[in-house]
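Worksheet: one structure, shown below.
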Amino acid sequence: MKNTGTEQWIQTWKKWTCFLLIVLCAAMLDCGSLQAAKLPALKVKGTQLVNAKGKPVQLKGASTHGLSWFPEYVNQKSFSHLKKNWKANAVRLALYTSEYNGYCTGDAANRRALEKRVADGVKYATKAGLYVIIDWHILSDGNPKTYQKQAASFFKKMAGKYKNYTNVIYEICNEPNGGTSWSDIKSYAKKIVKAIRSKDKDAVILIGTPNWSQDVDVAAKSPLKGYKNLMYTLHFYAGTHGEGLRRKAKQALKMGLPLFVSEFGISDASGNGSLNQKEGKKWMKFLKDKKISYIGWSLSNKAESSALIKPSCKKTAGWKASDLTPWGKWLVKQW
Ligand code: IDC
């Protein structure tokens with residue numbers, strides 16, 4: 001009888017602890033960081049992207065068009081549609097640096113708006129259960145060194161913010177071009193990789209290669225040393241690029257270079273013109289054989305053959321097959 005008071009107190013204490021634990025779990029389930037933890041962290045082993053158990057992983061998904069051009073496609077329903085209906089497992093956020101309200105050419109308000117769009121994109125992708133590539137989309141600015149300072153501070157900021165996200169991947173320069181040498185790209189990459197690694201020790205980082213991310217054989221001769229989880233990008237448009245480019249890719253793989261196709265299409269390289277499905281099939285076979293990840297361009301309804309959505313379709317999510325362009329239908333079948 002003497003103990004009743006203590007026992008009652010213990011019972012009440014147990015009930016409250018239980019209740020608090022449930023509340024805590026519910027709150028955590030709702031929060032993005034726990035969602036992110038659901039996706040296994042990836043790493044690079046040899047030339048292959050793998051999970052923690054060393055099993056090969058192939059990421060497959062779509063790239064947005066420029067975040068300033070088509071911001072409306074960055075929404076929760078759209079990214080969830082990618083995952084649930086299209087069976088993609090990744091999305092790429094194309095942050096143009098120079099063209100059309102680019103991150104480095106627009107004003108401070110534009111920069112803030114773009115950073116908010118990237119943050120929203122990461123949040124939606126995380127909730128949808130997608131890996132997400134933050135793509136520093138250099139293009140008309142040719143040499144990544146043009147905006148190296150801005151790139152270093154941008155990626156340091158992103159890596160600090162997302163260091164605990166297992167689904168965030170950094171692509172540090174979309175397509176160096178205009179004769180930019182591998183040694184220039186490499187010197188840029190060293191700086192940016194260092195900036196990212198000062199915050200995030202192991203996120204996967206994608207590095208662009210010379211000649212619009214095609215000369216992977218050149219990068220293979222002298223890859224970056226001293227860092228893990230680095231991959232090199234190979235871009236192709238099957239209407240323009242065929243066996244010649246695959247040969248370069250095979251050569252690079254043979255030399256031990258990990259490849260990632262962070263952008264491709266089956267139109268010509270302008271992003272328009274007719275589709276080359278036959279060459280596209282050869283590329284798919286190659287990518288499947290080698291278990292190389294691939295991201296199709298672009299999640300937009302622009303009137304060009306590399307857009308996934310028909311120009312007449314104004315929906316920004318919840319698409320039916322009839323809302324997709326021939327390329328959209330083709331790509332979705334590959335996932
Ligand atoms: C194209 C878009 C087009 C836009 C142009 C801007 O499809 O609507 O006007 O960029 O310059 C790439 C680039 C990618 C291109 C795409 C098609 O990474 O930005 O998008 N492409 O030209 N490399 C090869 C092809």
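By convention here, the chains of the structure tokens are called A, B, ... in the order presented, each chain's residues are numbered starting at 1, and ligands are numbered starting at 1 in the order presented.
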
Output as a Markdown table one row per residue of segment 217-250 of chain A within 12 Å of segment 295-316 of chain A: the closest atom pair and its distance in Å to one decimal place, counting only C-alpha atoms, sorted by chain and residue number ascending.
```
| residue | atom | partner | partner_atom | distance |
| --- | --- | --- | --- | --- |
| A:Thr233 | CA | A:Ile295 | CA | 10.9 |
| A:Leu234 | CA | A:Ile295 | CA | 10.7 |
| A:His235 | CA | A:Ile295 | CA | 9.5 |
| A:Phe236 | CA | A:Gly296 | CA | 10.0 |
| A:Tyr237 | CA | A:Ser306 | CA | 9.3 |
| A:Ala238 | CA | A:Ser306 | CA | 11.1 |
| A:Gly239 | CA | A:Ser306 | CA | 10.7 |
```

_Give me, as a PyMOL selection string, the set of residues whose atoms come within 6 Å of any atom of ligand 1, counting only C-alpha atoms and all ligand atoms._
chain A and resi 269-271

Please produce a file of the residues just selected, as a short mmCIF file (atom, residue, chain, number, x, y, z; two decimals), in the first residue's frame, where the atoms kept are N, CA and C atoms.
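What ended up in part-v4.cif:
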```cif
data_model
loop_
_atom_site.label_atom_id
_atom_site.label_comp_id
_atom_site.auth_asym_id
_atom_site.auth_seq_id
_atom_site.Cartn_x
_atom_site.Cartn_y
_atom_site.Cartn_z
N ALA A 269 21.42 18.58 -81.34
CA ALA A 269 22.06 19.26 -80.19
C ALA A 269 21.50 20.65 -79.93
N SER A 270 20.74 21.20 -80.90
CA SER A 270 20.15 22.53 -80.65
C SER A 270 18.95 22.41 -79.71
N GLY A 271 18.54 21.17 -79.44
CA GLY A 271 17.35 20.97 -78.61
C GLY A 271 16.09 20.95 -79.45
#
```

_Residues of segment 80-304 of chain A classed as alpha helix (DSSP H) by DSSP on the backbone are to be reported as a PyMOL selection string._
chain A and resi 80-84+108-128+148-162+182-197+210-213+216-221+243-254+277-290

Next, the residues of the selection above should be written as an mmCIF file, in the first residue's frame with C-alpha atoms.
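Result written to part27.cif:
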```cif
data_model
loop_
_atom_site.group_PDB
_atom_site.id
_atom_site.type_symbol
_atom_site.label_atom_id
_atom_site.label_comp_id
_atom_site.auth_asym_id
_atom_site.auth_seq_id
_atom_site.Cartn_x
_atom_site.Cartn_y
_atom_site.Cartn_z
ATOM 1 C CA SER A 80 5.794 13.454 -57.125
ATOM 2 C CA HIS A 81 4.393 12.674 -60.585
ATOM 3 C CA LEU A 82 7.914 12.033 -61.820
ATOM 4 C CA LYS A 83 8.444 9.520 -59.076
ATOM 5 C CA LYS A 84 5.056 7.818 -58.850
ATOM 6 C CA ALA A 108 20.375 40.479 -56.205
ATOM 7 C CA ALA A 109 16.593 40.029 -56.124
ATOM 8 C CA ASN A 110 16.846 37.600 -59.039
ATOM 9 C CA ARG A 111 19.581 35.696 -57.206
ATOM 10 C CA ARG A 112 17.438 35.425 -54.107
ATOM 11 C CA ALA A 113 14.459 34.238 -56.151
ATOM 12 C CA LEU A 114 16.603 31.587 -57.839
ATOM 13 C CA GLU A 115 18.026 30.388 -54.527
ATOM 14 C CA LYS A 116 14.489 30.091 -53.196
ATOM 15 C CA ARG A 117 13.557 28.048 -56.295
ATOM 16 C CA VAL A 118 16.504 25.722 -55.717
ATOM 17 C CA ALA A 119 15.486 25.353 -52.058
ATOM 18 C CA ASP A 120 11.895 24.607 -53.078
ATOM 19 C CA GLY A 121 13.112 22.128 -55.678
ATOM 20 C CA VAL A 122 15.220 20.275 -53.122
ATOM 21 C CA LYS A 123 12.308 20.253 -50.689
ATOM 22 C CA TYR A 124 9.843 18.874 -53.250
ATOM 23 C CA ALA A 125 12.317 16.295 -54.553
ATOM 24 C CA THR A 126 13.087 15.163 -51.016
ATOM 25 C CA LYS A 127 9.426 14.774 -50.160
ATOM 26 C CA ALA A 128 8.805 12.920 -53.429
ATOM 27 C CA GLN A 148 34.347 30.899 -60.432
ATOM 28 C CA LYS A 149 34.047 33.167 -57.375
ATOM 29 C CA GLN A 150 30.261 33.111 -57.510
ATOM 30 C CA ALA A 151 30.293 29.329 -58.017
ATOM 31 C CA ALA A 152 32.536 28.763 -54.994
ATOM 32 C CA SER A 153 30.334 30.782 -52.660
ATOM 33 C CA PHE A 154 27.114 29.307 -54.105
ATOM 34 C CA PHE A 155 28.259 25.716 -53.645
ATOM 35 C CA LYS A 156 29.687 26.372 -50.192
ATOM 36 C CA LYS A 157 26.307 27.738 -49.189
ATOM 37 C CA MET A 158 24.423 24.800 -50.714
ATOM 38 C CA ALA A 159 26.752 22.194 -49.224
ATOM 39 C CA GLY A 160 26.397 23.761 -45.781
ATOM 40 C CA LYS A 161 22.640 23.722 -46.099
ATOM 41 C CA TYR A 162 22.319 20.201 -47.464
ATOM 42 C CA TRP A 182 40.536 20.433 -69.500
ATOM 43 C CA SER A 183 43.280 22.075 -67.482
ATOM 44 C CA ASP A 184 41.061 25.182 -66.989
ATOM 45 C CA ILE A 185 38.088 23.011 -66.012
ATOM 46 C CA LYS A 186 40.261 20.968 -63.699
ATOM 47 C CA SER A 187 41.641 24.014 -61.945
ATOM 48 C CA TYR A 188 38.060 25.343 -61.506
ATOM 49 C CA ALA A 189 36.832 21.937 -60.322
ATOM 50 C CA LYS A 190 39.576 21.692 -57.683
ATOM 51 C CA LYS A 191 38.424 24.997 -56.165
ATOM 52 C CA ILE A 192 34.721 24.117 -56.208
ATOM 53 C CA VAL A 193 35.185 20.565 -54.943
ATOM 54 C CA LYS A 194 37.276 21.992 -52.109
ATOM 55 C CA ALA A 195 34.519 24.504 -51.290
ATOM 56 C CA ILE A 196 31.890 21.743 -51.215
ATOM 57 C CA ARG A 197 34.090 19.384 -49.199
ATOM 58 C CA PRO A 210 35.485 19.882 -72.398
ATOM 59 C CA ASN A 211 33.502 20.478 -75.609
ATOM 60 C CA TRP A 212 29.960 20.621 -74.162
ATOM 61 C CA SER A 213 30.676 17.718 -71.784
ATOM 62 C CA VAL A 216 35.398 12.503 -71.389
ATOM 63 C CA ASP A 217 38.400 10.737 -72.928
ATOM 64 C CA VAL A 218 40.447 13.898 -72.373
ATOM 65 C CA ALA A 219 39.337 14.186 -68.730
ATOM 66 C CA ALA A 220 40.152 10.494 -68.249
ATOM 67 C CA LYS A 221 43.836 11.171 -68.924
ATOM 68 C CA GLU A 243 28.974 5.913 -82.208
ATOM 69 C CA GLY A 244 31.882 8.408 -82.285
ATOM 70 C CA LEU A 245 30.886 9.825 -78.906
ATOM 71 C CA ARG A 246 30.133 6.387 -77.465
ATOM 72 C CA ARG A 247 33.664 5.407 -78.429
ATOM 73 C CA LYS A 248 35.020 8.304 -76.345
ATOM 74 C CA ALA A 249 32.823 7.164 -73.449
ATOM 75 C CA LYS A 250 34.037 3.570 -73.711
ATOM 76 C CA GLN A 251 37.615 4.782 -73.776
ATOM 77 C CA ALA A 252 37.068 6.921 -70.672
ATOM 78 C CA LEU A 253 35.445 4.023 -68.804
ATOM 79 C CA LYS A 254 38.305 1.757 -69.758
ATOM 80 C CA GLN A 277 14.889 7.149 -82.037
ATOM 81 C CA LYS A 278 17.112 4.548 -83.677
ATOM 82 C CA GLU A 279 20.293 6.182 -82.376
ATOM 83 C CA GLY A 280 18.494 6.842 -79.100
ATOM 84 C CA LYS A 281 17.936 3.098 -78.670
ATOM 85 C CA LYS A 282 21.643 2.405 -79.212
ATOM 86 C CA TRP A 283 22.462 4.951 -76.517
ATOM 87 C CA MET A 284 19.977 3.375 -74.115
ATOM 88 C CA LYS A 285 21.483 -0.055 -74.643
ATOM 89 C CA PHE A 286 24.921 1.370 -73.924
ATOM 90 C CA LEU A 287 23.740 3.147 -70.760
ATOM 91 C CA LYS A 288 21.922 0.072 -69.493
ATOM 92 C CA ASP A 289 24.873 -2.224 -70.204
ATOM 93 C CA LYS A 290 27.253 0.070 -68.355
#
```

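Comparing A:Gly242, A:Gly328, A:Pro223, A:Gly256 by their smallest distance to Ala62 of chain A, the closest is A:Gly328 (using only C-alpha atoms).
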
*Just list the residues in segment 9-145 of chain A DSSP gives strand (DSSP E or B) on the backbone, as a PyMOL selection string.*
chain A and resi 43-45+48-50+56+60-66+90-96+131-137

*asked:* What's around Ile138 of chain A at 8 Å? Count only C-alpha atoms, leave out sequence neighbours fewer than 5 positions away in its own chain, and write the answer as a ChimeraX atom specification.
replied: /A:96-98,143-144,173-176

_Among the residues A:Lys14, A:Asn167, A:Leu257, A:Lys38, the one that comes closest to Asp215 of chain A [using only C-alpha atoms]_ =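 Closest candidate: A:Leu257.
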
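For the atom pair formed by atom CA of Pro40 of chain A and atom CA of Gly54 of chain A, the distance is 11.3 Å, given to one decimal.
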